[in-house]
$ cat my_file-v1.cif   # mmCIF, C-alpha atoms
data_start
#
loop_
_atom_site.label_atom_id
_atom_site.label_comp_id
_atom_site.auth_asym_id
_atom_site.auth_seq_id
_atom_site.Cartn_x
_atom_site.Cartn_y
_atom_site.Cartn_z
CA MET N 3 82.44 -6.27 46.79
CA ASP N 4 82.83 -6.60 50.51
CA ILE N 5 80.43 -4.93 52.83
CA ASN N 6 82.02 -4.02 56.13
CA ALA N 7 82.12 -1.44 58.89
CA THR N 8 83.06 1.29 56.42
CA LEU N 9 79.29 1.43 56.00
CA PHE N 10 78.86 3.01 59.42
CA GLY N 11 81.64 5.51 58.85
CA GLN N 12 80.11 6.57 55.57
CA ALA N 13 76.67 6.81 57.12
CA ILE N 14 78.12 9.09 59.80
CA TRP N 15 79.81 11.28 57.15
CA PHE N 16 76.55 11.43 55.23
CA GLY N 17 74.63 12.43 58.34
CA VAL N 18 77.21 15.06 59.27
CA PHE N 19 77.05 16.60 55.80
CA ILE N 20 73.26 16.60 55.75
CA TRP N 21 73.35 18.29 59.15
CA ILE N 22 75.81 20.96 57.94
CA THR N 23 73.72 21.61 54.85
CA MET N 24 70.50 21.70 56.83
CA LYS N 25 71.83 24.03 59.51
CA TYR N 26 74.49 26.22 57.93
CA VAL N 27 74.21 26.10 54.14
CA TRP N 28 70.62 26.04 52.95
CA PRO N 29 68.75 28.30 55.42
CA PRO N 30 71.06 31.35 55.09
CA LEU N 31 71.17 31.03 51.32
CA GLN N 32 67.44 30.51 51.13
CA LYS N 33 66.95 33.60 53.26
CA ALA N 34 69.33 35.61 51.10
CA ILE N 35 67.50 34.51 47.97
CA ALA N 36 64.10 35.27 49.45
CA ASP N 37 65.33 38.67 50.66
CA ARG N 38 66.72 39.43 47.23
CA GLN N 39 63.44 38.45 45.62
CA ALA N 40 61.61 40.75 48.00
CA LEU N 41 64.13 43.50 47.21
CA ILE N 42 63.65 43.09 43.49
CA ALA N 43 59.88 42.98 43.85
CA ASP N 44 59.99 46.15 45.94
CA GLY N 45 62.24 47.80 43.38
CA LEU N 46 59.89 46.92 40.55
CA ALA N 47 56.89 48.12 42.52
CA ALA N 48 58.71 51.36 43.34
CA GLY N 49 59.55 51.81 39.67
CA GLU N 50 55.93 51.27 38.73
CA ARG N 51 54.82 53.73 41.39
CA ALA N 52 57.36 56.29 40.24
CA LYS N 53 56.15 55.92 36.67
CA HIS N 54 52.58 56.50 37.81
CA GLU N 55 53.68 59.49 39.85
CA LEU N 56 55.54 60.89 36.86
CA GLU N 57 52.37 60.61 34.83
CA LEU N 58 50.42 62.39 37.54
CA ALA N 59 53.08 65.07 37.83
CA GLY N 60 52.96 65.59 34.07
CA LYS N 61 49.22 66.00 34.26
CA ARG N 62 49.54 68.37 37.21
CA SER N 63 52.17 70.47 35.48
CA ALA N 64 50.01 70.70 32.35
CA ASP N 65 47.12 71.79 34.55
CA SER N 66 49.13 74.42 36.35
CA LEU N 67 50.55 75.61 33.04
CA ARG N 68 47.06 76.04 31.65
CA GLU N 69 45.99 77.82 34.82
CA ALA N 70 49.01 80.10 34.68
CA LYS N 71 48.27 80.91 31.05
CA GLY N 72 44.69 81.82 31.94
CA LYS N 73 45.84 83.91 34.86
CA SER N 74 48.45 85.71 32.81
CA ALA N 75 45.90 86.48 30.11
CA GLU N 76 43.64 87.90 32.80
CA ILE N 77 46.47 89.94 34.23
CA ILE N 78 47.39 91.28 30.79
CA ALA N 79 43.77 92.24 30.13
CA ALA N 80 43.56 93.99 33.49
CA ALA N 81 46.84 95.75 32.83
CA GLU N 82 45.63 96.93 29.44
CA LYS N 83 42.45 98.21 30.98
CA ARG N 84 44.39 99.93 33.68
CA ALA N 85 46.73 101.45 31.12
CA LEU N 86 43.77 102.84 29.20
CA MET N 87 42.38 104.23 32.39
CA VAL N 88 45.72 105.81 33.26
CA ILE N 89 45.97 107.33 29.82
CA GLU N 90 42.45 108.65 30.11
CA GLU N 91 43.19 110.10 33.50
CA ALA N 92 46.40 111.61 32.23
CA LYS N 93 44.53 113.12 29.34
CA GLN N 94 42.01 114.60 31.70
CA VAL N 95 44.69 115.93 34.01
CA ALA N 96 46.56 117.37 31.01
CA LYS N 97 43.43 119.00 29.73
CA VAL N 98 42.74 120.58 33.10
CA GLU N 99 46.33 121.73 33.30
CA ALA N 100 46.24 123.09 29.80
CA ASP N 101 43.00 124.94 30.56
CA LYS N 102 44.62 126.38 33.65
CA VAL N 103 47.69 127.46 31.69
CA VAL N 104 45.50 128.90 28.99
CA ALA N 105 43.43 130.75 31.59
CA SER N 106 46.45 132.15 33.33
CA ALA N 107 47.98 133.15 29.98
CA GLN N 108 44.76 134.88 29.04
CA ALA N 109 44.70 136.63 32.40
CA GLU N 110 48.23 137.77 31.89
CA ILE N 111 47.47 138.95 28.40
CA ALA N 112 44.50 140.85 29.70
CA GLN N 113 46.65 142.36 32.40
CA GLN N 114 49.30 143.38 29.92
CA VAL N 115 46.69 144.73 27.62
CA GLU N 116 45.37 146.75 30.53
CA HIS N 117 48.86 147.87 31.37
CA ALA N 118 49.64 148.83 27.78
CA ARG N 119 46.35 150.65 27.57
CA ALA N 120 47.20 152.65 30.71
CA GLU N 121 50.59 153.50 29.30
CA LEU N 122 49.08 154.44 25.99
CA ARG N 123 46.61 156.62 27.77
CA GLY N 124 49.50 158.47 29.42
CA ARG N 125 51.30 158.79 26.12
CA VAL N 126 48.22 159.88 24.25
CA ALA N 127 47.63 162.53 26.93
CA ASP N 128 51.23 163.75 26.68
CA LEU N 129 50.99 163.68 22.91
CA ALA N 130 47.74 165.59 23.04
CA VAL N 131 49.28 168.16 25.37
CA ALA N 132 52.37 168.52 23.16
CA GLY N 133 50.13 168.76 20.14
CA ALA N 134 47.95 171.29 21.82
CA GLU N 135 51.02 173.28 22.93
CA ARG N 136 52.23 173.34 19.43
CA ILE N 137 48.85 174.19 18.00
CA LEU N 138 48.09 176.91 20.44
CA LYS N 139 51.61 178.22 20.53
CA ARG N 140 50.82 180.08 23.61
CA GLU N 141 51.37 179.77 27.23
CA VAL N 142 49.30 177.26 28.76
CA ASP N 143 48.46 176.85 32.33
CA ALA N 144 50.13 173.46 32.63
CA LYS N 145 48.70 172.81 36.02
CA GLY N 146 45.16 173.60 35.04
CA HIS N 147 45.52 171.53 31.87
CA ALA N 148 47.05 168.71 33.78
CA GLN N 149 43.99 168.51 35.93
CA MET N 150 41.78 168.59 32.93
CA LEU N 151 43.88 165.97 31.18
CA ALA N 152 43.83 163.70 34.21
CA ALA N 153 40.03 163.97 34.20
CA LEU N 154 40.13 163.15 30.50
CA LYS N 155 42.46 160.16 31.17
CA GLN N 156 39.97 158.76 33.53
CA GLU N 157 37.26 158.95 30.90
CA LEU N 158 39.40 157.20 28.32
CA MET H 7 102.58 0.60 36.58
CA ALA H 8 102.25 1.52 40.17
CA SER H 9 104.26 -1.03 42.05
CA GLY H 10 106.67 -3.85 41.41
CA GLU H 11 104.35 -6.59 42.55
CA ALA H 12 101.67 -5.84 39.93
CA LEU H 13 103.29 -6.27 36.58
CA THR H 14 100.59 -8.33 34.89
CA SER H 15 97.39 -6.79 33.54
CA SER H 16 95.13 -8.52 36.03
CA GLY H 17 97.54 -7.67 38.82
CA TYR H 18 97.45 -4.02 37.75
CA ILE H 19 93.67 -3.98 37.68
CA VAL H 20 93.32 -5.73 41.02
CA HIS H 21 95.87 -3.38 42.51
CA HIS H 22 93.89 -0.36 41.38
CA LEU H 23 90.65 -1.77 42.69
CA THR H 24 91.88 -2.73 46.15
CA ASN H 25 91.00 -0.54 49.07
CA LEU H 26 93.32 0.71 51.75
CA LYS H 27 92.07 -1.33 54.70
CA VAL H 28 92.50 -1.49 58.44
CA GLY H 29 90.84 -4.01 60.71
CA ALA H 30 89.69 -7.54 59.98
CA GLY H 31 86.50 -9.37 59.07
CA PHE H 32 83.41 -7.24 59.28
CA TRP H 33 85.22 -4.60 61.30
CA THR H 34 87.36 -3.61 58.38
CA PHE H 35 87.51 0.04 57.52
CA HIS H 36 88.28 1.28 54.04
CA LEU H 37 90.48 4.21 54.97
CA ASP H 38 90.70 5.54 51.42
CA THR H 39 86.91 5.74 51.03
CA LEU H 40 86.42 7.26 54.44
CA LEU H 41 89.20 9.80 54.04
CA VAL H 42 88.56 10.90 50.47
CA SER H 43 84.80 11.19 50.89
CA GLY H 44 85.22 12.90 54.25
CA ILE H 45 87.78 15.42 53.04
CA ILE H 46 85.82 16.20 49.87
CA GLY H 47 82.63 16.57 51.89
CA LEU H 48 84.25 18.74 54.55
CA ILE H 49 85.80 21.05 51.95
CA ALA H 50 82.55 21.28 49.97
CA PHE H 51 80.08 21.68 52.82
CA LEU H 52 82.17 23.79 55.17
CA GLY H 53 83.06 25.94 52.16
CA MET H 54 79.40 26.30 51.25
CA ALA H 55 78.57 27.04 54.90
CA LYS H 56 81.21 29.79 54.88
CA ILE H 57 79.82 31.25 51.67
CA ALA H 58 76.29 30.96 53.05
CA SER H 59 77.27 32.70 56.28
CA LYS H 60 78.42 35.68 54.24
CA ALA H 61 75.47 35.48 51.87
CA THR H 62 74.02 38.85 51.03
CA ALA H 63 70.60 39.71 49.70
CA GLY H 64 72.22 42.41 47.60
CA VAL H 65 74.37 41.76 44.56
CA PRO H 66 75.89 38.31 45.16
CA GLY H 67 79.56 37.59 44.53
CA ASN H 68 80.75 34.98 42.05
CA LEU H 69 81.01 32.15 44.57
CA GLN H 70 77.66 32.95 46.13
CA SER H 71 76.05 33.10 42.70
CA PHE H 72 77.51 29.73 41.78
CA VAL H 73 76.39 28.07 45.00
CA GLU H 74 72.97 29.69 44.67
CA ILE H 75 72.57 28.44 41.10
CA VAL H 76 73.43 24.86 42.07
CA LEU H 77 71.32 24.89 45.22
CA THR H 78 68.27 26.50 43.65
CA PHE H 79 68.52 23.99 40.82
CA VAL H 80 68.32 21.17 43.37
CA ASP H 81 65.61 23.00 45.29
CA GLN H 82 63.58 23.36 42.10
CA GLN H 83 63.76 19.59 41.56
CA VAL H 84 62.58 19.07 45.13
CA LYS H 85 59.73 21.56 44.70
CA ASP H 86 58.64 19.91 41.47
CA THR H 87 58.58 16.43 42.93
CA TYR H 88 58.12 16.59 46.68
CA HIS H 89 54.93 18.31 47.72
CA GLY H 90 55.09 17.79 51.46
CA ARG H 91 56.62 20.22 53.90
CA SER H 92 59.84 18.97 55.36
CA PRO H 93 62.94 21.00 56.21
CA LEU H 94 65.01 17.87 55.62
CA VAL H 95 64.34 17.02 52.00
CA THR H 96 66.04 19.94 50.26
CA PRO H 97 69.22 19.86 52.38
CA MET H 98 69.39 16.11 51.88
CA ALA H 99 68.99 16.44 48.12
CA ILE H 100 71.66 19.15 48.08
CA THR H 101 74.01 17.01 50.13
CA ILE H 102 73.53 14.01 47.87
CA PHE H 103 73.92 15.94 44.63
CA VAL H 104 76.99 17.94 45.63
CA TRP H 105 78.73 15.16 47.50
CA VAL H 106 78.11 12.41 44.98
CA PHE H 107 79.06 14.72 42.12
CA LEU H 108 82.37 15.64 43.73
CA MET H 109 83.19 12.05 44.70
CA ASN H 110 82.37 10.88 41.18
CA ALA H 111 84.55 13.67 39.83
CA MET H 112 87.55 12.03 41.52
CA ASP H 113 87.25 9.58 38.65
CA LEU H 114 88.63 12.24 36.32
CA ILE H 115 91.98 12.22 38.10
CA PRO H 116 94.18 9.96 35.93
CA VAL H 117 94.14 6.49 37.43
CA ASP H 118 97.86 6.29 38.12
CA PHE H 119 98.33 9.69 39.74
CA VAL H 120 97.14 8.91 43.23
CA PRO H 121 98.65 5.41 43.47
CA LEU H 122 101.99 6.72 42.17
CA ILE H 123 102.17 9.57 44.64
CA LEU H 124 100.97 7.54 47.61
CA GLY H 125 103.04 4.54 46.54
CA SER H 126 106.17 6.63 46.86
CA VAL H 127 105.37 7.29 50.52
CA GLY H 128 104.61 3.63 51.26
CA VAL H 129 100.84 3.46 50.81
CA HIS H 130 100.40 0.70 48.24
CA TYR H 131 96.66 0.44 47.89
CA PHE H 132 94.43 3.44 47.42
CA LYS H 133 91.12 3.76 45.60
CA ALA H 134 90.65 7.44 45.00
CA VAL H 135 87.00 7.29 43.89
CA PRO H 136 84.83 6.73 46.97
CA THR H 137 81.70 5.98 44.93
CA THR H 138 83.34 2.84 43.53
CA ASP H 139 83.11 1.46 47.05
CA PRO H 140 79.72 -0.22 47.64
CA ASN H 141 80.07 0.56 51.33
CA LEU H 142 79.63 4.21 50.56
CA THR H 143 76.73 3.80 48.18
CA PHE H 144 74.97 1.42 50.54
CA ALA H 145 75.59 3.69 53.49
CA MET H 146 73.92 6.51 51.61
CA SER H 147 71.02 4.48 50.27
CA LEU H 148 70.34 2.86 53.64
CA THR H 149 70.38 6.25 55.34
CA VAL H 150 67.88 7.42 52.72
CA PHE H 151 65.87 4.25 53.39
CA VAL H 152 65.76 4.86 57.15
CA ILE H 153 64.77 8.50 56.65
CA MET H 154 62.13 7.32 54.21
CA LEU H 155 60.62 4.94 56.81
CA ILE H 156 60.74 7.56 59.56
CA MET H 157 59.13 10.11 57.28
CA GLY H 158 56.41 7.63 56.31
CA VAL H 159 55.55 6.98 59.95
CA LYS H 160 55.74 10.66 60.81
CA VAL H 161 53.49 11.83 58.00
CA LYS H 162 50.90 9.06 58.13
CA GLY H 163 51.14 8.11 61.79
CA ALA H 164 51.98 4.61 62.98
CA SER H 165 48.53 3.24 62.24
CA GLY H 166 48.39 4.84 58.82
CA PHE H 167 51.80 3.48 57.99
CA LEU H 168 50.89 -0.02 59.13
CA HIS H 169 47.62 0.19 57.27
CA GLU H 170 49.52 1.05 54.14
CA VAL H 171 51.99 -1.79 54.67
CA PHE H 172 49.35 -4.48 55.25
CA CYS H 173 46.23 -3.33 53.42
CA VAL H 174 47.55 -1.79 50.22
CA PRO H 175 47.07 -2.64 47.40
CA PHE H 176 44.86 -5.74 47.89
CA GLY H 177 42.92 -4.93 51.07
CA ALA H 178 43.10 -6.34 54.59
CA LYS H 179 42.16 -9.91 53.61
CA LEU H 180 45.41 -10.40 51.75
CA ALA H 181 47.61 -8.80 54.42
CA PRO H 182 50.56 -11.22 54.09
CA LEU H 183 50.66 -10.73 50.35
CA ASN H 184 50.46 -6.95 50.76
CA PHE H 185 53.26 -7.11 53.31
CA LEU H 186 55.39 -9.22 50.98
CA PHE H 187 54.82 -6.76 48.14
CA ARG H 188 55.70 -3.88 50.37
CA VAL H 189 58.91 -5.53 51.57
CA ILE H 190 59.99 -6.26 48.02
CA GLU H 191 59.15 -2.76 46.94
CA ASP H 192 60.99 -1.13 49.81
CA VAL H 193 64.03 -3.38 49.77
CA ALA H 194 64.41 -2.80 46.04
CA LYS H 195 64.74 0.92 46.61
CA PRO H 196 68.01 1.15 48.55
CA ILE H 197 69.53 -1.73 46.64
CA SER H 198 68.81 -0.27 43.24
CA LEU H 199 69.82 3.18 44.43
CA SER H 200 73.21 2.11 45.71
CA LEU H 201 74.02 -0.51 43.09
CA ARG H 202 73.21 1.87 40.25
CA LEU H 203 75.70 4.45 41.46
CA PHE H 204 78.28 1.85 42.44
CA GLY H 205 77.96 -0.04 39.17
CA ASN H 206 78.25 3.02 36.98
CA MET H 207 81.25 4.44 38.77
CA TYR H 208 82.97 1.07 39.15
CA ALA H 209 82.52 0.36 35.46
CA GLY H 210 83.74 3.82 34.54
CA GLU H 211 86.80 3.41 36.70
CA MET H 212 87.39 -0.03 35.20
CA VAL H 213 87.31 1.41 31.70
CA PHE H 214 89.83 4.07 32.75
CA ILE H 215 92.10 1.34 34.12
CA LEU H 216 91.75 -0.75 30.96
CA ILE H 217 92.55 2.30 28.84
CA ALA H 218 95.59 2.93 31.02
CA LEU H 219 96.79 -0.58 30.13
CA LEU H 220 96.95 0.25 26.42
CA GLY H 221 100.30 1.94 26.57
CA ILE H 222 100.63 4.75 24.04
CA TRP H 223 97.05 4.19 22.78
CA GLN H 224 95.65 5.41 26.04
CA LEU H 225 96.41 8.96 24.97
CA PRO H 226 93.70 9.29 22.28
CA LEU H 227 91.27 7.15 24.29
CA ALA H 228 91.48 8.52 27.81
CA LEU H 229 90.33 12.01 26.86
CA PRO H 230 87.09 11.03 25.04
CA TRP H 231 86.21 8.62 27.82
CA ALA H 232 86.89 11.31 30.42
CA LEU H 233 84.71 13.77 28.51
CA PHE H 234 81.98 11.17 28.23
CA HIS H 235 82.45 10.33 31.87
CA ILE H 236 81.71 13.93 32.90
CA LEU H 237 78.21 13.21 31.66
CA ILE H 238 77.97 10.01 33.70
CA ILE H 239 79.32 11.75 36.81
CA THR H 240 76.69 14.46 36.65
CA LEU H 241 73.93 12.12 35.60
CA GLN H 242 74.56 9.63 38.39
CA ALA H 243 74.66 12.39 41.00
CA PHE H 244 71.42 13.75 39.59
CA VAL H 245 69.75 10.32 39.44
CA PHE H 246 70.69 9.49 43.02
CA MET H 247 69.32 12.85 44.17
CA MET H 248 66.19 12.61 42.07
CA LEU H 249 65.31 9.07 43.18
CA THR H 250 65.85 10.05 46.80
CA ILE H 251 63.40 12.89 46.36
CA VAL H 252 60.93 10.58 44.64
CA TYR H 253 61.21 7.94 47.38
CA LEU H 254 60.74 10.54 50.09
CA SER H 255 57.76 12.01 48.29
CA MET H 256 56.27 8.54 47.91
CA ALA H 257 56.85 7.94 51.62
CA SER H 258 55.00 11.10 52.56
CA GLU H 259 52.12 10.71 50.15
CA SER H 260 49.28 8.27 50.61
CA HIS H 261 49.15 5.24 48.35
CA GLY H 262 45.39 5.18 48.54
#

$ encode --input "my_file-v1.cif" --output "structure tokens"
Amino acid sequence: MDINATLFGQAIWFGVFIWITMKYVWPPLQKAIADRQALIADGLAAGERAKHELELAGKRSADSLREAKGKSAEIIAAAEKRALMVIEEAKQVAKVEADKVVASAQAEIAQQVEHARAELRGRVADLAVAGAERILKREVDAKGHAQMLAALKQEL
Amino acid sequence: MASGEALTSSGYIVHHLTNLKVGAGFWTFHLDTLLVSGIIGLIAFLGMAKIASKATAGVPGNLQSFVEIVLTFVDQQVKDTYHGRSPLVTPMAITIFVWVFLMNAMDLIPVDFVPLILGSVGVHYFKAVPTTDPNLTFAMSLTVFVIMLIMGVKVKGASGFLHEVFCVPFGAKLAPLNFLFRVIEDVAKPISLSLRLFGNMYAGEMVFILIALLGIWQLPLALPWALFHILIITLQAFVFMMLTIVYLSMASESHG
């Protein structure tokens, strides 16, 4: 065991290696580790936040679903009401129309009845004249009878 | 056997435990210790610096993960033990742990490999395990000692430090005795630190050499001892690191 100047050489090596570690090895690695820890912590926090947000979103969606259901029920009720109203209106319109049609038909019938009556009157007059001709079997002043018959027609 | 001049057992052992030297007297340099420890350290620390320079906060690669695991393990030990705030302690603990571990690990290279290879190119003495050289262990422990003193003065101030040296634990009236206690306490630290590492590694290396002398019987013995030695390698690196942290924490905390 001889102690000699190797001591100084080794001390220099030791110092150099401590210096390298202190300047170039430990600080960058320490920084990388700290950064990674921060990164992981951030990631975990973000995950937690996202979970919370998901919960909130679920609640919100349930709320909006309920709201939509309520609204749709309202809309359906309104629509039903409206449909009833429309039907009622249609009924009314139809009734009016039907009345009109009925009225016009009645008017027409009356007209035709009138017409038929006029025709009948003519026929009856002719028939009466022919009958009278036959019954009388004599010459008849057609003109004078015609006047008389026309007067009669008017009375009919 | 490595060379023709060392055919006896004691010659073989002495050959394996002799350093490659240049210089004379005190100004002798153990080239093998300096080179092996330096090259190992440069590879390890420049490599780690390269990995650290590319370190990403995202998903780390395999190498970065490995380095991070080792370094955070050391850092955790520092955090558990050293409660002051010093940018030096963790890097120092990392340096000690990694460097001592790797130098100790040189012990796992079969004892004849390096001497055989270097012997063939004319280098006849080479101790491949730097931690079996007390120069290295003392260099480290004395550096730790100096840093410990500087840290003590820095944290407590010169007057606080002197107060602690002369007035603790028996009060100002027994200042010489306090001083004597303090000197013993402080001198014991680097000596025990360096001799513990040196002794363990030297003994381990010695056992490897003795096993290598057994001829064919070394085969079943070298492997268990190497496996067992892995434990010692790690443990000694850890102990050196841990005691350094403890000493530094003691230096920066008040004794009362």

$ resolve_selection --input "my_file-v1.cif" --expression "the PyMOL selection byres ((chain H) within 6 of (chain N))" --output "PDB file with C-alpha atoms, in the coordinates of the input"
ATOM      1  CA  PHE H  32      83.410  -7.240  59.280  1.00  0.00           C
ATOM      2  CA  TRP H  33      85.220  -4.600  61.300  1.00  0.00           C
ATOM      3  CA  THR H  34      87.360  -3.610  58.380  1.00  0.00           C
ATOM      4  CA  PHE H  35      87.510   0.040  57.520  1.00  0.00           C
ATOM      5  CA  HIS H  36      88.280   1.280  54.040  1.00  0.00           C
ATOM      6  CA  MET H  54      79.400  26.300  51.250  1.00  0.00           C
ATOM      7  CA  ALA H  55      78.570  27.040  54.900  1.00  0.00           C
ATOM      8  CA  ALA H  58      76.290  30.960  53.050  1.00  0.00           C
ATOM      9  CA  THR H  62      74.020  38.850  51.030  1.00  0.00           C
ATOM     10  CA  ALA H  63      70.600  39.710  49.700  1.00  0.00           C
ATOM     11  CA  PRO H  97      69.220  19.860  52.380  1.00  0.00           C
ATOM     12  CA  MET H  98      69.390  16.110  51.880  1.00  0.00           C
ATOM     13  CA  THR H 101      74.010  17.010  50.130  1.00  0.00           C
ATOM     14  CA  ASN H 141      80.070   0.560  51.330  1.00  0.00           C
ATOM     15  CA  LEU H 142      79.630   4.210  50.560  1.00  0.00           C
ATOM     16  CA  ALA H 145      75.590   3.690  53.490  1.00  0.00           C
TER      17      ALA H 145
END

$ resolve_selection --input "my_file-v1.cif" --expression "the PyMOL selection byres ((chain H and resi 91) around 12)" --output "short mmCIF file (atom, residue, chain, number, x, y, z; two decimals) with C-alpha atoms, in the coordinates of the input"
data_model
loop_
_atom_site.label_atom_id
_atom_site.label_comp_id
_atom_site.auth_asym_id
_atom_site.auth_seq_id
_atom_site.Cartn_x
_atom_site.Cartn_y
_atom_site.Cartn_z
CA VAL H 84 62.58 19.07 45.13
CA LYS H 85 59.73 21.56 44.70
CA THR H 87 58.58 16.43 42.93
CA TYR H 88 58.12 16.59 46.68
CA HIS H 89 54.93 18.31 47.72
CA GLY H 90 55.09 17.79 51.46
CA SER H 92 59.84 18.97 55.36
CA PRO H 93 62.94 21.00 56.21
CA LEU H 94 65.01 17.87 55.62
CA VAL H 95 64.34 17.02 52.00
CA THR H 96 66.04 19.94 50.26
CA MET H 157 59.13 10.11 57.28
CA LYS H 160 55.74 10.66 60.81
CA VAL H 161 53.49 11.83 58.00
CA LEU H 254 60.74 10.54 50.09
CA SER H 255 57.76 12.01 48.29
CA SER H 258 55.00 11.10 52.56
CA GLU H 259 52.12 10.71 50.15
#

$ atom_distance --input "my_file-v1.cif" --atom1 "CA of Val80 in chain H" --atom2 "CA of Lys60 in chain H"
20.8 Å

$ closest_residue --input "my_file-v1.cif" --among "H:Met256, H:Val159, H:Met207, H:Ala164" --to "Asp192 in chain H" --atoms "all atoms listed in the file"
H:Met256

$ resolve_selection --input "my_file-v1.cif" --expression "the PyMOL selection byres ((chain H and resi 173) around 12)" --output "PyMOL selection string"
chain H and resi 165-172+174-188+261-262

$ closest_residue --input "my_file-v1.cif" --among "N:Val115, N:Ala96, N:Ile77, N:Ala134" --to "His147 in chain N" --atoms "only C-alpha atoms"
N:Ala134

$ atom_distance --input "my_file-v1.cif" --atom1 "CA of Leu108 in chain H" --atom2 "CA of Ala209 in chain H"
17.4 Å

$ closest_residue --input "my_file-v1.cif" --among "H:Ala99, H:Pro136, H:Asn68, H:Val127" --to "Gln82 in chain H" --atoms "all atoms listed in the file"
H:Ala99

$ atom_distance --input "my_file-v1.cif" --atom1 "CA of His22 in chain H" --atom2 "CA of Lys133 in chain H"
6.5 Å

$ residues_around --input "my_file-v1.cif" --residues "range 120-128 of chain N" --least-positions-apart "3" --cutoff "9 Å" --atoms "all atoms listed in the file" --output "PyMOL selection string"
chain N and resi 115-117+131-133+151-152+154-155+158

$ decode --input "my_file-v1.cif" --residues "range 63-75 of chain N" --atoms "N, CA, C and O atoms" --output "compact mmCIF listing (two decimals), in the first residue's frame"
# COMPACT_ATOMS: atom_id res chain seq x y z
N SER N 63 -77.84 16.83 -21.26
CA SER N 63 -78.57 16.15 -22.33
C SER N 63 -79.89 15.58 -21.80
O SER N 63 -80.92 15.65 -22.46
N ALA N 64 -79.85 15.06 -20.56
CA ALA N 64 -81.09 14.55 -19.96
C ALA N 64 -82.09 15.68 -19.82
O ALA N 64 -83.28 15.53 -20.14
N ASP N 65 -81.56 16.87 -19.38
CA ASP N 65 -82.44 18.03 -19.23
C ASP N 65 -83.09 18.40 -20.55
O ASP N 65 -84.30 18.59 -20.64
N SER N 66 -82.22 18.50 -21.59
CA SER N 66 -82.76 18.95 -22.87
C SER N 66 -83.72 17.91 -23.43
O SER N 66 -84.70 18.26 -24.09
N LEU N 67 -83.43 16.64 -23.14
CA LEU N 67 -84.33 15.58 -23.60
C LEU N 67 -85.72 15.75 -22.97
O LEU N 67 -86.75 15.70 -23.64
N ARG N 68 -85.67 16.00 -21.64
CA ARG N 68 -86.94 16.18 -20.93
C ARG N 68 -87.69 17.38 -21.49
O ARG N 68 -88.90 17.34 -21.75
N GLU N 69 -86.94 18.45 -21.72
CA GLU N 69 -87.53 19.68 -22.25
C GLU N 69 -88.17 19.41 -23.60
O GLU N 69 -89.30 19.83 -23.87
N ALA N 70 -87.39 18.67 -24.45
CA ALA N 70 -87.88 18.39 -25.79
C ALA N 70 -89.16 17.56 -25.73
O ALA N 70 -90.11 17.79 -26.49
N LYS N 71 -89.15 16.60 -24.79
CA LYS N 71 -90.34 15.75 -24.63
C LYS N 71 -91.56 16.61 -24.28
O LYS N 71 -92.63 16.48 -24.87
N GLY N 72 -91.34 17.54 -23.32
CA GLY N 72 -92.42 18.41 -22.90
C GLY N 72 -92.93 19.24 -24.08
O GLY N 72 -94.13 19.35 -24.33
N LYS N 73 -91.94 19.79 -24.81
CA LYS N 73 -92.28 20.65 -25.93
C LYS N 73 -93.06 19.86 -26.97
O LYS N 73 -94.06 20.34 -27.52
N SER N 74 -92.58 18.65 -27.26
CA SER N 74 -93.24 17.86 -28.30
C SER N 74 -94.66 17.50 -27.87
O SER N 74 -95.59 17.54 -28.68
N ALA N 75 -94.82 17.20 -26.58
CA ALA N 75 -96.17 16.91 -26.10
C ALA N 75 -97.08 18.11 -26.30
O ALA N 75 -98.22 17.99 -26.76
